[in-house]
file target.txt (compact mmCIF, C-alpha atoms)
# COMPACT_ATOMS: atom_id res chain seq x y z
CA MET A 12 86.48 88.81 69.69
CA ASP A 13 89.88 87.25 70.24
CA PRO A 14 91.25 88.70 73.50
CA PHE A 15 94.81 87.99 72.29
CA ASP A 16 94.30 90.31 69.32
CA ALA A 17 96.79 93.13 69.59
CA GLY A 18 94.36 95.53 67.97
CA ALA A 19 92.17 97.99 69.79
CA GLY A 20 90.81 96.39 72.92
CA GLY A 21 93.07 93.36 72.68
CA LEU A 22 95.01 91.84 75.55
CA LEU A 23 98.30 93.34 74.39
CA LYS A 24 97.06 96.88 73.86
CA GLN A 25 96.09 98.23 77.25
CA PRO A 26 96.60 101.55 79.07
CA LYS A 27 99.60 102.00 81.34
CA SER A 28 97.30 101.97 84.37
CA VAL A 29 96.17 98.42 83.49
CA TRP A 30 99.73 97.18 83.03
CA ALA A 31 100.81 98.80 86.29
CA THR A 32 97.99 97.10 88.19
CA ALA A 33 98.59 93.76 86.45
CA GLY A 34 102.33 93.96 87.18
CA ALA A 35 101.70 94.62 90.86
CA SER A 36 99.22 91.71 90.81
CA VAL A 37 101.96 89.38 89.59
CA VAL A 38 104.06 90.28 92.62
CA ALA A 39 101.06 89.95 94.95
CA PHE A 40 100.40 86.42 93.70
CA MET A 41 104.09 85.63 93.96
CA GLY A 42 103.72 86.10 97.70
CA ILE A 43 101.46 83.03 97.93
CA GLY A 44 104.06 80.54 96.71
CA LEU A 45 107.14 82.50 97.73
CA VAL A 46 107.75 80.53 100.91
CA ASP A 47 107.25 77.11 99.29
CA PRO A 48 110.89 76.25 98.48
CA ILE A 49 112.21 77.76 101.72
CA LEU A 50 109.81 76.09 104.18
CA PRO A 51 112.41 73.47 105.23
CA SER A 52 115.04 76.22 105.48
CA ILE A 53 112.77 78.32 107.69
CA ALA A 54 112.08 75.31 109.90
CA GLN A 55 115.80 74.69 110.25
CA GLY A 56 116.73 78.35 110.72
CA LEU A 57 114.12 78.96 113.42
CA ASP A 58 114.33 75.48 114.98
CA ALA A 59 110.67 74.80 114.22
CA THR A 60 108.57 71.81 113.20
CA ALA A 61 106.75 71.42 109.89
CA SER A 62 103.38 72.05 111.55
CA GLN A 63 104.69 75.26 113.15
CA VAL A 64 106.11 76.56 109.88
CA SER A 65 102.88 75.67 108.06
CA LEU A 66 101.20 78.37 110.15
CA LEU A 67 102.80 80.82 107.70
CA PHE A 68 100.08 79.77 105.28
CA THR A 69 97.36 79.37 107.90
CA SER A 70 97.73 82.87 109.37
CA TYR A 71 98.03 84.37 105.89
CA PHE A 72 94.87 82.81 104.51
CA LEU A 73 92.82 83.03 107.69
CA ILE A 74 93.28 86.80 107.66
CA THR A 75 92.66 86.81 103.90
CA ALA A 76 89.34 84.97 104.35
CA VAL A 77 88.06 87.36 107.01
CA ALA A 78 89.35 90.37 105.07
CA MET A 79 87.13 89.40 102.13
CA LEU A 80 84.22 90.82 104.11
CA VAL A 81 86.09 94.05 104.75
CA THR A 82 87.62 94.85 101.37
CA GLY A 83 84.34 95.73 99.68
CA PHE A 84 83.37 97.88 102.67
CA VAL A 85 86.67 99.78 102.42
CA SER A 86 86.87 100.09 98.64
CA SER A 87 83.31 101.31 98.23
CA ARG A 88 84.14 104.17 100.58
CA ILE A 89 87.64 105.27 99.60
CA GLY A 90 87.81 104.05 95.99
CA GLY A 91 89.84 101.41 94.17
CA ARG A 92 93.11 103.31 93.81
CA LYS A 93 93.40 104.16 97.49
CA THR A 94 92.50 100.60 98.45
CA LEU A 95 95.23 99.23 96.18
CA LEU A 96 97.79 101.59 97.67
CA LEU A 97 96.70 100.75 101.22
CA GLY A 98 97.06 97.04 100.51
CA LEU A 99 100.47 97.51 98.89
CA ALA A 100 101.67 99.57 101.86
CA PHE A 101 100.65 96.78 104.25
CA VAL A 102 102.52 94.21 102.18
CA VAL A 103 105.69 96.32 101.97
CA VAL A 104 105.75 96.84 105.73
CA PHE A 105 104.86 93.32 106.86
CA ALA A 106 106.91 91.47 104.22
CA GLY A 107 109.91 93.53 105.30
CA LEU A 108 109.22 92.82 108.97
CA ALA A 109 108.87 89.10 108.20
CA GLY A 110 112.48 89.08 107.04
CA THR A 111 113.59 90.35 110.46
CA SER A 112 111.73 87.67 112.44
CA GLY A 113 113.54 86.00 115.29
CA SER A 114 110.97 83.28 115.95
CA VAL A 115 108.21 81.38 114.21
CA GLY A 116 105.64 83.30 116.25
CA GLU A 117 106.89 86.63 114.96
CA LEU A 118 107.03 85.37 111.39
CA VAL A 119 103.48 83.99 111.57
CA GLY A 120 102.23 87.29 112.97
CA PHE A 121 103.93 89.37 110.28
CA ARG A 122 102.64 86.97 107.64
CA ALA A 123 99.10 87.62 108.92
CA GLY A 124 99.56 91.36 108.41
CA TRP A 125 100.90 90.59 104.96
CA GLY A 126 97.72 88.59 104.28
CA LEU A 127 95.55 91.59 105.16
CA GLY A 128 97.46 93.78 102.73
CA ASN A 129 97.33 91.17 100.01
CA ALA A 130 93.58 90.76 100.47
CA LEU A 131 93.02 94.51 100.13
CA PHE A 132 95.14 94.63 97.00
CA VAL A 133 94.18 91.42 95.20
CA SER A 134 90.48 91.77 95.92
CA THR A 135 90.46 95.20 94.29
CA ALA A 136 92.84 94.60 91.40
CA LEU A 137 90.44 92.94 88.97
CA ALA A 138 87.77 95.60 89.48
CA VAL A 139 90.37 98.26 88.66
CA ILE A 140 91.66 96.33 85.65
CA VAL A 141 88.12 95.76 84.33
CA GLY A 142 87.27 99.42 84.82
CA ALA A 143 90.40 100.69 83.05
CA ALA A 144 90.95 97.99 80.40
CA ALA A 145 90.31 98.48 76.70
CA GLY A 146 88.09 95.88 75.05
CA GLY A 147 85.76 94.99 77.90
CA SER A 148 86.05 92.43 80.64
CA ALA A 149 87.06 89.44 78.50
CA ALA A 150 90.56 90.82 77.89
CA ALA A 151 90.73 92.21 81.43
CA ILE A 152 89.93 88.89 83.10
CA LEU A 153 92.36 87.08 80.82
CA LEU A 154 95.07 89.57 81.78
CA TYR A 155 94.25 89.07 85.46
CA GLU A 156 94.38 85.27 85.13
CA SER A 157 97.70 85.63 83.33
CA ALA A 158 99.04 87.70 86.21
CA LEU A 159 97.82 85.03 88.61
CA GLY A 160 99.54 82.23 86.73
CA LEU A 161 102.77 84.16 86.22
CA GLY A 162 102.87 85.14 89.89
CA MET A 163 102.22 81.59 91.09
CA ALA A 164 104.99 80.35 88.81
CA CYS A 165 107.58 83.01 89.66
CA GLY A 166 106.96 83.06 93.41
CA PRO A 167 108.68 79.73 94.12
CA LEU A 168 111.47 80.62 91.69
CA LEU A 169 112.16 83.93 93.46
CA GLY A 170 111.94 82.16 96.80
CA ALA A 171 114.51 79.62 95.66
CA LEU A 172 116.94 82.12 94.14
CA LEU A 173 116.96 84.45 97.13
CA GLY A 174 116.35 81.77 99.74
CA ASP A 175 119.43 79.79 98.77
CA ALA A 176 121.52 82.47 100.50
CA SER A 177 119.15 83.06 103.41
CA TRP A 178 115.48 82.31 104.08
CA ARG A 179 115.11 86.00 105.02
CA TYR A 180 115.96 87.41 101.59
CA PRO A 181 112.74 86.41 99.78
CA PHE A 182 110.74 88.48 102.24
CA PHE A 183 112.95 91.52 101.72
CA GLY A 184 112.76 90.93 97.95
CA THR A 185 108.97 90.91 98.01
CA ALA A 186 108.88 94.14 100.03
CA PHE A 187 111.16 95.78 97.46
CA LEU A 188 109.10 94.62 94.47
CA MET A 189 105.83 95.68 96.08
CA ALA A 190 107.35 99.10 96.80
CA ILE A 191 108.00 99.40 93.06
CA GLY A 192 104.39 98.36 92.46
CA PHE A 193 103.26 101.08 94.88
CA LEU A 194 105.17 103.69 92.89
CA CYS A 195 103.78 102.42 89.56
CA ILE A 196 100.19 102.53 90.84
CA THR A 197 100.81 106.03 92.23
CA VAL A 198 102.15 107.31 88.91
CA PHE A 199 100.04 105.53 86.30
CA LEU A 200 96.63 104.85 87.90
CA LYS A 201 94.29 107.82 88.12
CA GLU A 202 92.03 108.37 91.08
CA GLN A 203 89.03 106.03 90.98
CA PRO A 204 85.55 107.43 91.70
CA THR A 205 83.89 105.94 94.77
CA PRO A 206 80.90 103.72 93.89
CA ALA A 207 77.39 105.09 94.12
CA ARG A 208 76.32 102.24 96.40
CA LYS A 209 78.38 101.42 99.47
CA THR A 210 78.94 97.76 100.33
CA SER A 211 78.08 96.66 103.86
CA LEU A 212 80.02 94.06 105.83
CA LEU A 213 77.08 91.65 105.68
CA ASP A 214 76.36 91.89 101.94
CA PRO A 215 78.70 88.98 101.01
CA ILE A 216 77.15 86.76 103.70
CA LYS A 217 73.65 87.59 102.46
CA ALA A 218 74.72 86.70 98.92
CA LEU A 219 75.50 83.15 100.08
CA GLY A 220 71.78 82.68 100.61
CA HIS A 221 71.63 81.90 96.88
CA GLY A 222 71.78 78.12 96.46
CA GLY A 223 74.03 78.18 93.44
CA LEU A 224 76.59 80.51 94.96
CA ALA A 225 76.58 78.58 98.24
CA SER A 226 77.12 75.32 96.32
CA ALA A 227 80.03 76.81 94.37
CA ALA A 228 81.57 78.08 97.61
CA VAL A 229 81.25 74.72 99.38
CA SER A 230 82.70 72.83 96.41
CA ALA A 231 85.55 75.33 96.19
CA PHE A 232 86.16 74.93 99.93
CA PHE A 233 86.83 71.20 99.47
CA TYR A 234 88.94 71.86 96.39
CA ASN A 235 91.04 74.51 98.12
CA TYR A 236 91.91 72.04 100.88
CA THR A 237 93.42 69.79 98.22
CA PHE A 238 95.10 72.70 96.43
CA PHE A 239 96.86 73.96 99.54
CA THR A 240 97.83 70.52 100.75
CA VAL A 241 99.86 70.33 97.54
CA LEU A 242 101.21 73.86 97.89
CA ALA A 243 102.06 73.89 101.60
CA PHE A 244 102.76 70.27 102.57
CA THR A 245 104.45 68.79 99.50
CA PRO A 246 107.72 70.76 99.97
CA PHE A 247 108.32 68.84 103.21
CA VAL A 248 107.64 65.54 101.45
CA LEU A 249 109.94 66.33 98.52
CA ASN A 250 112.63 67.52 100.96
CA MET A 251 114.72 69.18 98.25
CA SER A 252 117.11 72.10 98.19
CA PRO A 253 115.54 75.53 97.65
CA TYR A 254 116.76 75.56 94.02
CA ARG A 255 115.27 72.17 93.17
CA SER A 256 112.04 72.79 95.03
CA GLY A 257 111.75 76.19 93.35
CA ALA A 258 112.24 74.58 89.94
CA VAL A 259 109.51 72.02 90.66
CA PHE A 260 107.00 74.66 91.70
CA PHE A 261 108.02 76.94 88.85
CA ALA A 262 107.08 74.17 86.42
CA TRP A 263 103.92 73.62 88.45
CA GLY A 264 103.05 77.31 88.14
CA LEU A 265 103.69 77.36 84.40
CA LEU A 266 101.23 74.50 83.92
CA LEU A 267 98.76 76.34 86.14
CA ALA A 268 99.07 79.46 84.00
CA VAL A 269 98.78 77.66 80.65
CA PHE A 270 95.80 75.57 81.68
CA SER A 271 93.94 78.41 83.36
CA VAL A 272 94.33 80.91 80.52
CA ILE A 273 94.51 78.76 77.38
CA VAL A 274 93.28 75.21 77.99
CA ALA A 275 90.36 75.71 80.38
CA PRO A 276 88.33 78.05 78.10
CA ARG A 277 88.66 75.59 75.21
CA LEU A 278 87.58 72.64 77.36
CA GLN A 279 84.62 74.62 78.67
CA LYS A 280 83.52 75.52 75.16
CA ARG A 281 83.62 71.88 74.08
CA PHE A 282 82.32 70.02 77.14
CA GLY A 283 80.64 72.60 79.36
CA SER A 284 81.90 74.11 82.61
CA LEU A 285 80.41 71.64 85.08
CA LYS A 286 81.65 68.53 83.24
CA VAL A 287 85.12 70.05 82.96
CA LEU A 288 85.16 70.99 86.65
CA GLY A 289 83.90 67.61 87.87
CA GLY A 290 86.36 65.71 85.68
CA SER A 291 89.28 67.92 86.65
CA LEU A 292 88.54 67.47 90.36
CA VAL A 293 88.49 63.69 90.02
CA LEU A 294 91.76 63.72 88.07
CA LEU A 295 93.30 65.97 90.72
CA ALA A 296 92.23 63.49 93.40
CA ALA A 297 93.89 60.63 91.51
CA ASP A 298 97.04 62.70 90.97
CA VAL A 299 97.31 63.61 94.66
CA LEU A 300 96.79 59.99 95.71
CA VAL A 301 99.60 58.81 93.44
CA LEU A 302 101.75 61.68 94.73
CA GLY A 303 101.31 60.43 98.29
CA TYR A 304 102.13 56.80 97.60
CA GLY A 305 104.62 57.03 94.72
CA SER A 306 108.39 57.20 94.68
CA HIS A 307 110.24 60.49 95.03
CA THR A 308 110.43 60.91 91.25
CA THR A 309 106.72 60.12 90.96
CA ALA A 310 105.95 62.68 93.65
CA VAL A 311 107.85 65.35 91.71
CA VAL A 312 106.02 64.54 88.47
CA CYS A 313 102.61 64.48 90.17
CA THR A 314 103.30 67.76 91.95
CA ILE A 315 104.04 69.45 88.63
CA LEU A 316 101.09 67.76 86.91
CA SER A 317 98.68 68.95 89.62
CA GLY A 318 99.26 72.49 88.31
CA ALA A 319 97.29 71.60 85.17
CA PHE A 320 94.21 70.49 87.10
CA ILE A 321 94.48 73.40 89.53
CA GLY A 322 94.68 75.85 86.62
CA VAL A 323 91.49 74.46 85.06
CA ASN A 324 89.67 74.46 88.40
CA ASN A 325 90.65 78.04 89.21
CA THR A 326 89.24 79.37 85.96
CA VAL A 327 85.94 77.49 86.17
CA TYR A 328 85.37 78.33 89.82
CA THR A 329 86.02 82.02 89.13
CA GLU A 330 83.41 82.04 86.38
CA LEU A 331 80.92 80.18 88.58
CA ALA A 332 81.35 82.80 91.28
CA LEU A 333 80.84 85.52 88.66
CA GLY A 334 77.75 84.15 86.96
CA VAL A 335 75.87 81.67 89.10
CA SER A 336 73.84 84.15 91.18
CA ASP A 337 71.98 87.37 90.58
CA ALA A 338 73.96 89.25 93.24
CA PRO A 339 76.40 91.94 92.07
CA ARG A 340 79.56 90.16 91.04
CA PRO A 341 81.85 91.81 93.60
CA VAL A 342 79.50 90.96 96.47
CA ALA A 343 78.87 87.39 95.31
CA SER A 344 82.55 86.78 94.79
CA ALA A 345 83.42 88.19 98.21
CA GLY A 346 81.04 85.73 99.88
CA TYR A 347 82.39 82.87 97.78
CA ASN A 348 86.01 83.69 98.61
CA PHE A 349 85.18 84.17 102.28
CA VAL A 350 84.12 80.51 102.42
CA ARG A 351 86.81 78.93 100.29
CA TRP A 352 89.84 80.69 101.79
CA PHE A 353 89.14 79.04 105.15
CA ALA A 354 90.17 75.75 103.54
CA ALA A 355 93.41 77.40 102.38
CA ALA A 356 94.03 78.26 106.03
CA ALA A 357 93.07 74.78 107.29
CA ALA A 358 95.05 72.54 104.92
CA PRO A 359 98.58 73.81 105.75
CA TYR A 360 97.83 73.29 109.45
CA PHE A 361 96.07 69.93 109.35
CA ALA A 362 98.22 68.17 106.73
CA PRO A 363 101.38 68.02 108.90
CA LYS A 364 99.25 67.30 111.98
CA ILE A 365 97.64 64.34 110.20
CA GLU A 366 101.12 63.10 109.31
CA GLU A 367 102.13 63.32 112.99
CA TRP A 368 99.03 61.38 114.02
CA THR A 369 99.28 58.74 111.27
CA ASP A 370 101.95 58.59 108.54
CA ILE A 371 103.15 60.61 105.57
CA HIS A 372 100.63 59.05 103.13
CA ILE A 373 97.38 59.88 104.92
CA PRO A 374 97.43 63.68 104.37
CA PHE A 375 97.30 62.98 100.63
CA VAL A 376 94.47 60.48 101.10
CA VAL A 377 92.51 63.20 102.90
CA ALA A 378 93.37 65.67 100.11
CA ALA A 379 92.17 63.21 97.48
CA LEU A 380 88.90 62.72 99.37
CA THR A 381 88.28 66.46 99.61
CA ALA A 382 88.79 66.83 95.85
CA VAL A 383 86.26 64.05 95.29
CA ALA A 384 83.90 65.76 97.75
CA GLY A 385 84.15 68.93 95.67
CA ALA A 386 83.23 66.94 92.56
CA VAL A 387 80.29 65.33 94.37
CA VAL A 388 78.92 68.77 95.27
CA VAL A 389 79.17 69.77 91.59
CA VAL A 390 77.25 66.65 90.51
CA VAL A 391 74.58 66.78 93.21
CA ARG A 392 74.03 70.53 92.87
CA ARG A 393 74.48 70.75 89.08
CA LYS A 394 71.04 72.29 88.53
CA ALA A 395 71.73 75.06 91.03
CA LEU A 396 75.16 75.62 89.50
CA THR A 397 73.93 75.91 85.93
CA TYR A 398 74.24 79.36 84.47
CA GLU A 399 74.15 80.84 81.00
CA ALA A 400 77.63 81.35 79.58
CA GLU A 401 78.02 84.91 78.43
CA GLU A 402 80.79 87.44 78.12
CA LEU A 403 81.27 89.09 81.49
CA GLU A 404 80.35 92.76 81.33
CA PRO A 405 82.10 95.22 83.63
CA LYS A 406 78.92 96.89 84.88
CA HIS A 407 78.81 95.29 88.32
CA ALA A 408 82.55 95.41 88.81
CA THR A 409 82.62 99.15 88.33
CA GLU A 410 79.35 100.27 89.88
CA ASP A 411 79.55 98.23 93.05
CA GLY A 412 83.16 98.76 93.91
CA VAL A 413 85.54 96.03 94.94
CA THR A 414 85.58 92.62 93.36
CA VAL A 415 87.15 89.53 94.90
CA PHE A 416 88.32 87.12 92.25
CA ALA A 417 91.55 86.05 93.93
CA ASN A 418 92.31 82.46 92.94
call {"tool": "encode", "arguments": {"input": "target.txt", "output": "structure tokens"}}
result
Amino acid sequence: MDPFDAGAGGLLKQPKSVWATAGASVVAFMGIGLVDPILPSIAQGLDATASQVSLLFTSYFLITAVAMLVTGFVSSRIGGRKTLLLGLAFVVVFAGLAGTSGSVGELVGFRAGWGLGNALFVSTALAVIVGAAAGGSAAAILLYESALGLGMACGPLLGALLGDASWRYPFFGTAFLMAIGFLCITVFLKEQPTPARKTSLLDPIKALGHGGLASAAVSAFFYNYTFFTVLAFTPFVLNMSPYRSGAVFFAWGLLLAVFSVIVAPRLQKRFGSLKVLGGSLVLLAADVLVLGYGSHTTAVVCTILSGAFIGVNNTVYTELALGVSDAPRPVASAGYNFVRWFAAAAAPYFAPKIEEWTDIHIPFVVAALTAVAGAVVVVVRRKALTYEAEELEPKHATEDGVTVFAN
């Protein structure tokens, strides 16, 4: 079946509840890259260093990582709809408060609360989309990946447009958009039944006892360090106005969306998932290395180009987390995301610190090495990572509650 087919069950013919959840997901993913083009402006406005401002990412993703263990516990008890609304409410409140911050400490703290809300929402969104979508999980996952790519592309653009007037406005803008998402979910998404089996806090940790899932998580950990070095540290290196930086990361996000939704599945079909993943990681390492040592123009081009490799990697890693173990998909994916999001918290903190200790090139050398390390794990553990490619059925996503496929 072609998931782009507009007929019954196609990507373009979905219930209002699916579109409402997908639309709110776009805004949720926008929050990840929203601060990218305004990082220098925030540093200037709050008289802070690059390493201090980078804590906006670190606090956000540290809370997100820990929350991965909690979201399944919550959703399996109160249901998907209530979990989505709870997450959206957190984002509205803390994004709005972030815009009122008078210091970096306040902003970092509010961003952490925002991360908790985003984790509750994003970790539940795919399960809700899969459960409500027409045409099975193939169209649902494609719609979710599209929301991810669109959000990652539009986040920097919104940050640039609003941040050109004041670094505070993007935070207020996000709160407003998420409030609209809250209303849409309230109106269009029916109450979700609570799952028959409740998820415990330790279930995701126990799932990591599977060698294949643990290998995928460790490889993704290394990859995420590279990913978020590009996302959180590169804006300081480019040192551009919010508009120009937003344009660069908008182009980056478009490549990410195209390669995750359109290119990656075709490459996987032709070469196999593990070969595609290993090759893409190595190419990302080379791209990041050139980014660190090239001219300013080269750095811009390599930043945009990295979106292609990141898009491919996101898709393959998501499918590995879904299919590599025999654990229920939501539980396996929660454990996988718990591991990999710690790297997303570490990279924004360590990259500017490494620059302070050495020079501006070395953070990209480290990022290139972590991408290679991710590829090495894929090669060494290829037998454990091998799984049979099959269309993902929604059975686990709906019977076990929350899923955690946030890329």
call {"tool": "residues_around", "arguments": {"input": "target.txt", "residues": "A:Lys364", "least_positions_apart": "2", "cutoff": "10 Å", "atoms": "only C-alpha atoms", "output": "list in words"}}
result
Ala61, Ser62, Gln63, Ser65, Ala358, Pro359, Tyr360, Phe361, Ala362, Glu366, Glu367, Trp368, Thr369, Asp370 and Pro374 of chain A
call {"tool": "atom_distance", "arguments": {"input": "target.txt", "atom1": "atom CA of A:Val391", "atom2": "atom CA of A:Asn325"}}
result
20.0 Å
call {"tool": "atom_distance", "arguments": {"input": "target.txt", "atom1": "atom CA of A:Leu188", "atom2": "atom CA of A:Gly257"}}
result
18.7 Å
call {"tool": "residues_around", "arguments": {"input": "target.txt", "residues": "A:Met163", "least_positions_apart": "2", "cutoff": "7 Å", "atoms": "only C-alpha atoms", "output": "mmCIF file with C-alpha atoms, keeping the file's coordinate frame"}}
result
data_model
loop_
_atom_site.group_PDB
_atom_site.id
_atom_site.type_symbol
_atom_site.label_atom_id
_atom_site.label_comp_id
_atom_site.auth_asym_id
_atom_site.auth_seq_id
_atom_site.Cartn_x
_atom_site.Cartn_y
_atom_site.Cartn_z
ATOM 1 C CA PHE A 40 100.400 86.420 93.700
ATOM 2 C CA MET A 41 104.090 85.630 93.960
ATOM 3 C CA GLY A 44 104.060 80.540 96.710
ATOM 4 C CA LEU A 159 97.820 85.030 88.610
ATOM 5 C CA GLY A 160 99.540 82.230 86.730
ATOM 6 C CA LEU A 161 102.770 84.160 86.220
ATOM 7 C CA CYS A 165 107.580 83.010 89.660
ATOM 8 C CA GLY A 166 106.960 83.060 93.410
ATOM 9 C CA GLY A 264 103.050 77.310 88.140
#
call {"tool": "closest_atom_pairs", "arguments": {"input": "target.txt", "of": "stretch 355-406 of chain A", "to": "stretch 279-292 of chain A", "cutoff": "12 Å", "atoms": "all atoms listed in the file", "output": "tab-separated table"}}
result
residue	atom	partner	partner_atom	distance
A:Ala378	CA	A:Leu292	CA	11.0
A:Ala379	CA	A:Leu292	CA	9.1
A:Leu380	CA	A:Leu292	CA	10.2
A:Thr381	CA	A:Leu292	CA	9.3
A:Ala382	CA	A:Leu292	CA	5.5
A:Val383	CA	A:Leu292	CA	6.4
A:Ala384	CA	A:Leu292	CA	8.9
A:Gly385	CA	A:Leu292	CA	7.0
A:Ala386	CA	A:Gly289	CA	4.8
A:Val387	CA	A:Gly289	CA	7.8
A:Val388	CA	A:Gly289	CA	9.0
A:Val389	CA	A:Gly289	CA	6.4
A:Val390	CA	A:Gly289	CA	7.2
A:Val391	CA	A:Gly289	CA	10.8
A:Arg392	CA	A:Leu285	CA	10.1
A:Arg393	CA	A:Leu285	CA	7.2
A:Lys394	CA	A:Leu285	CA	10.0
A:Ala395	CA	A:Leu285	CA	11.1
A:Leu396	CA	A:Leu285	CA	7.9
A:Thr397	CA	A:Leu285	CA	7.8
A:Tyr398	CA	A:Ser284	CA	9.5
A:Glu399	CA	A:Ser284	CA	10.4
A:Ala400	CA	A:Ser284	CA	8.9
A:Glu401	CA	A:Lys280	CA	11.4
call {"tool": "atom_distance", "arguments": {"input": "target.txt", "atom1": "atom CA of A:Phe270", "atom2": "atom CA of A:Thr309"}}
result
21.1 Å
call {"tool": "closest_residue", "arguments": {"input": "target.txt", "among": "A:Leu316, A:Ala39, A:Ala345, A:Ala78", "to": "A:Leu333", "atoms": "only C-alpha atoms"}}
result
A:Ala345
call {"tool": "residues_near_point", "arguments": {"input": "target.txt", "point": "(97.2, 94.7, 105.8)", "cutoff": "10 Å", "atoms": "all atoms listed in the file", "output": "ChimeraX atom specification"}}
result
/A:74-75,78,97-105,121-132
call {"tool": "write_last_selection", "arguments": {"input": "target.txt", "atoms": "C-alpha atoms", "output": "mmCIF file, keeping the file's coordinate frame"}}
result
data_model
loop_
_atom_site.group_PDB
_atom_site.id
_atom_site.type_symbol
_atom_site.label_atom_id
_atom_site.label_comp_id
_atom_site.auth_asym_id
_atom_site.auth_seq_id
_atom_site.Cartn_x
_atom_site.Cartn_y
_atom_site.Cartn_z
ATOM 1 C CA ILE A 74 93.280 86.800 107.660
ATOM 2 C CA THR A 75 92.660 86.810 103.900
ATOM 3 C CA ALA A 78 89.350 90.370 105.070
ATOM 4 C CA LEU A 97 96.700 100.750 101.220
ATOM 5 C CA GLY A 98 97.060 97.040 100.510
ATOM 6 C CA LEU A 99 100.470 97.510 98.890
ATOM 7 C CA ALA A 100 101.670 99.570 101.860
ATOM 8 C CA PHE A 101 100.650 96.780 104.250
ATOM 9 C CA VAL A 102 102.520 94.210 102.180
ATOM 10 C CA VAL A 103 105.690 96.320 101.970
ATOM 11 C CA VAL A 104 105.750 96.840 105.730
ATOM 12 C CA PHE A 105 104.860 93.320 106.860
ATOM 13 C CA PHE A 121 103.930 89.370 110.280
ATOM 14 C CA ARG A 122 102.640 86.970 107.640
ATOM 15 C CA ALA A 123 99.100 87.620 108.920
ATOM 16 C CA GLY A 124 99.560 91.360 108.410
ATOM 17 C CA TRP A 125 100.900 90.590 104.960
ATOM 18 C CA GLY A 126 97.720 88.590 104.280
ATOM 19 C CA LEU A 127 95.550 91.590 105.160
ATOM 20 C CA GLY A 128 97.460 93.780 102.730
ATOM 21 C CA ASN A 129 97.330 91.170 100.010
ATOM 22 C CA ALA A 130 93.580 90.760 100.470
ATOM 23 C CA LEU A 131 93.020 94.510 100.130
ATOM 24 C CA PHE A 132 95.140 94.630 97.000
#
call {"tool": "closest_residue", "arguments": {"input": "target.txt", "among": "A:Thr60, A:Pro48, A:Ser344, A:Val350", "to": "A:Asp214", "atoms": "all atoms listed in the file"}}
result
A:Ser344
call {"tool": "closest_atom_pairs", "arguments": {"input": "target.txt", "of": "stretch 126-214 of chain A", "to": "stretch 106-115 of chain A", "cutoff": "12 Å", "atoms": "only C-alpha atoms", "output": "CSV"}}
result
residue,atom,partner,partner_atom,distance
A:Gly126,CA,A:Ala106,CA,9.6
A:Leu127,CA,A:Ala106,CA,11.4
A:Gly128,CA,A:Ala106,CA,9.8
A:Asn129,CA,A:Ala106,CA,10.5
A:Leu173,CA,A:Gly110,CA,11.8
A:Gly174,CA,A:Gly110,CA,11.0
A:Ser177,CA,A:Gly110,CA,9.7
A:Trp178,CA,A:Gly110,CA,8.0
A:Arg179,CA,A:Gly110,CA,4.5
A:Tyr180,CA,A:Gly110,CA,6.7
A:Pro181,CA,A:Gly110,CA,7.7
A:Phe182,CA,A:Gly110,CA,5.1
A:Phe183,CA,A:Gly107,CA,5.1
A:Gly184,CA,A:Gly107,CA,8.3
A:Thr185,CA,A:Ala106,CA,6.6
A:Ala186,CA,A:Ala106,CA,5.3
A:Phe187,CA,A:Gly107,CA,8.3
A:Leu188,CA,A:Ala106,CA,10.5
A:Met189,CA,A:Ala106,CA,9.2
A:Ala190,CA,A:Gly107,CA,10.5
call {"tool": "closest_residue", "arguments": {"input": "target.txt", "among": "A:Thr69, A:Cys313, A:Val327, A:Ser157", "to": "A:Val119", "atoms": "all atoms listed in the file"}}
result
A:Thr69
call {"tool": "axis_aligned_box", "arguments": {"input": "target.txt", "around": "stretch 39-44 of chain A", "padding_each_side": "4 Å", "output": "lines of an AutoDock Vina configuration file"}}
result
center_x = 102.2
center_y = 85.2
center_z = 95.8
size_x = 11.7
size_y = 17.4
size_z = 12.2
call {"tool": "residues_around", "arguments": {"input": "target.txt", "residues": "A:Ala319", "least_positions_apart": "4", "cutoff": "12 Å", "atoms": "all atoms listed in the file", "output": "PyMOL selection string"}}
result
chain A and resi 160+238+262-275+291-292+294-295+298+312-315+323-326
call {"tool": "residues_around", "arguments": {"input": "target.txt", "residues": "A:Val198", "least_positions_apart": "4", "cutoff": "10 Å", "atoms": "all atoms listed in the file", "output": "JSON, numbers by chain"}}
result
{"A": [27, 28, 31, 192, 193, 194]}
call {"tool": "residues_around", "arguments": {"input": "target.txt", "residues": "A:Ser256", "least_positions_apart": "3", "cutoff": "9 Å", "atoms": "only C-alpha atoms", "output": "PyMOL selection string"}}
result
chain A and resi 47-49+167-168+171+246+249-253+259-261
call {"tool": "closest_residue", "arguments": {"input": "target.txt", "among": "A:Ala35, A:Leu57, A:Val342, A:Leu172", "to": "A:Ile140", "atoms": "only C-alpha atoms"}}
result
A:Ala35
call {"tool": "closest_residue", "arguments": {"input": "target.txt", "among": "A:Ser52, A:Lys209, A:Ser36, A:Val335", "to": "A:Tyr254", "atoms": "all atoms listed in the file"}}
result
A:Ser52
call {"tool": "closest_residue", "arguments": {"input": "target.txt", "among": "A:Leu212, A:Ala59, A:Leu154, A:Ala218", "to": "A:Leu80", "atoms": "only C-alpha atoms"}}
result
A:Leu212
